[in-house]
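The next block holds one structure in the form of structure tokens; read it before the comments.
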Amino acid sequence: MADIANRRSAKLYMVSDASGSMKLSVVAEENPFSMAMLLSEECFILDNGAARKIFVWKGKDANPQERKAAMKNAEAFIQQMNYPANTQVQSIYETIPRDNELC
């Protein structure tokens with residue numbers, strides 16, 4: 001039951017400066033999340049702080065400012081949401097599969 005509650009409390013955010021200024025916007029309020037939601041040109045934060053985990057997904061074509069802002073926002077979530085200080089932030093980088101690899 002706890003796992004189900006934790007999955008439902010997770011939220012997906014996009015970090016982007018495509019509008020001319022850095023913005024954090026909600027992509028999905030609850031699970032399930034789809035890989036199709038992730039864009040190579042952007043960074044995303046999966047906030048699952050209730051389970052003491054925050055994931056930062058960095059698209060292969062995201063610019064350095066977005067990558068840095070995504071990490072800063074993930075760390076700020078811990079304080080803003082009053083998550084425990086030992087909440088983990090994990091970076092995940094989009095990779096390009098080689099021709100002989102499965103996606």
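By order in the structure tokens, chains are A, B, ...; within a chain, residues start at 1; ligands start at 1, following the order shown.
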Please report, as number ranges by chain, each residue of chain A to which DSSP assigns alpha helix (DSSP H) when run on this structure's backbone.
A: 2-9, 64-80
Selected residues, N, CA and C atoms, written as a short mmCIF file (atom, residue, chain, number, x, y, z; two decimals), in the first residue's frame, please.
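Okay, again.cif is ready:
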```
data_model
loop_
_atom_site.label_atom_id
_atom_site.label_comp_id
_atom_site.auth_asym_id
_atom_site.auth_seq_id
_atom_site.Cartn_x
_atom_site.Cartn_y
_atom_site.Cartn_z
N ALA A 2 1.97 1.22 0.76
CA ALA A 2 2.84 2.40 0.81
C ALA A 2 3.44 2.70 -0.55
N ASP A 3 3.84 1.65 -1.30
CA ASP A 3 4.40 1.85 -2.64
C ASP A 3 3.38 2.50 -3.56
N ILE A 4 2.14 2.07 -3.49
CA ILE A 4 1.09 2.65 -4.33
C ILE A 4 0.88 4.11 -3.98
N ALA A 5 0.84 4.43 -2.71
CA ALA A 5 0.67 5.82 -2.28
C ALA A 5 1.84 6.68 -2.73
N ASN A 6 3.06 6.16 -2.62
CA ASN A 6 4.25 6.91 -3.05
C ASN A 6 4.23 7.17 -4.54
N ARG A 7 3.82 6.18 -5.33
CA ARG A 7 3.75 6.36 -6.78
C ARG A 7 2.73 7.43 -7.14
N ARG A 8 1.61 7.43 -6.44
CA ARG A 8 0.58 8.42 -6.74
C ARG A 8 1.01 9.83 -6.35
N SER A 9 1.87 9.94 -5.35
CA SER A 9 2.28 11.27 -4.90
C SER A 9 3.39 11.86 -5.76
N PRO A 64 23.21 23.65 -21.23
CA PRO A 64 23.84 23.63 -19.90
C PRO A 64 23.06 24.39 -18.84
N GLN A 65 22.39 25.48 -19.23
CA GLN A 65 21.62 26.26 -18.26
C GLN A 65 20.43 25.44 -17.74
N GLU A 66 19.77 24.71 -18.62
CA GLU A 66 18.65 23.87 -18.20
C GLU A 66 19.13 22.75 -17.29
N ARG A 67 20.25 22.16 -17.62
CA ARG A 67 20.79 21.07 -16.80
C ARG A 67 21.11 21.56 -15.38
N LYS A 68 21.72 22.73 -15.30
CA LYS A 68 22.06 23.30 -14.00
C LYS A 68 20.80 23.68 -13.22
N ALA A 69 19.83 24.30 -13.90
CA ALA A 69 18.58 24.71 -13.26
C ALA A 69 17.79 23.51 -12.75
N ALA A 70 17.82 22.42 -13.50
CA ALA A 70 17.10 21.21 -13.08
C ALA A 70 17.67 20.69 -11.77
N MET A 71 18.97 20.67 -11.66
CA MET A 71 19.59 20.19 -10.42
C MET A 71 19.28 21.12 -9.25
N LYS A 72 19.37 22.44 -9.49
CA LYS A 72 19.05 23.40 -8.43
C LYS A 72 17.61 23.27 -7.97
N ASN A 73 16.69 23.10 -8.92
CA ASN A 73 15.28 22.95 -8.57
C ASN A 73 15.03 21.67 -7.79
N ALA A 74 15.70 20.61 -8.16
CA ALA A 74 15.54 19.34 -7.43
C ALA A 74 15.99 19.50 -5.99
N GLU A 75 17.12 20.16 -5.79
CA GLU A 75 17.61 20.38 -4.43
C GLU A 75 16.68 21.31 -3.65
N ALA A 76 16.09 22.30 -4.33
CA ALA A 76 15.16 23.22 -3.68
C ALA A 76 13.87 22.51 -3.25
N PHE A 77 13.46 21.49 -4.02
CA PHE A 77 12.27 20.72 -3.66
C PHE A 77 12.39 20.16 -2.25
N ILE A 78 13.57 19.70 -1.91
CA ILE A 78 13.78 19.07 -0.60
C ILE A 78 13.42 20.04 0.51
N GLN A 79 13.86 21.28 0.40
CA GLN A 79 13.56 22.28 1.43
C GLN A 79 12.12 22.76 1.34
N GLN A 80 11.67 23.10 0.13
CA GLN A 80 10.33 23.65 -0.04
C GLN A 80 9.23 22.69 0.39
#
```
In Å and to one decimal, CA of Asn63 (chain A) is distant from CA of Ile45 (chain A) by 15.4 Å
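Atom pair CA of Asn86 (chain A) / CA of Ser16 (chain A) has a distance of 26.9 Å (rounded to one decimal).
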Restricting the calculation to only C-alpha atoms: of A:Ala28, A:Ile54, A:Met81, A:Val15, which residue gets closest to Ser40 (chain A)?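 When distances to Ser40 (chain A) are compared using only C-alpha atoms, the smallest one comes from A:Val15.
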**Asked** Which neighbours of Met14 (chain A) fall inside 6 Å, counting only C-alpha atoms, when residues of the same chain fewer than 4 positions from it are skipped, and could you give them as JSON, numbers by chain?
**Response** {"A": [24, 25, 43, 44]}
A:Ile92, A:Val56, A:Ala62, A:Leu46 ranked by distance to Lys11 (chain A), top pick (using only C-alpha atoms):
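Closest candidate: A:Leu46.
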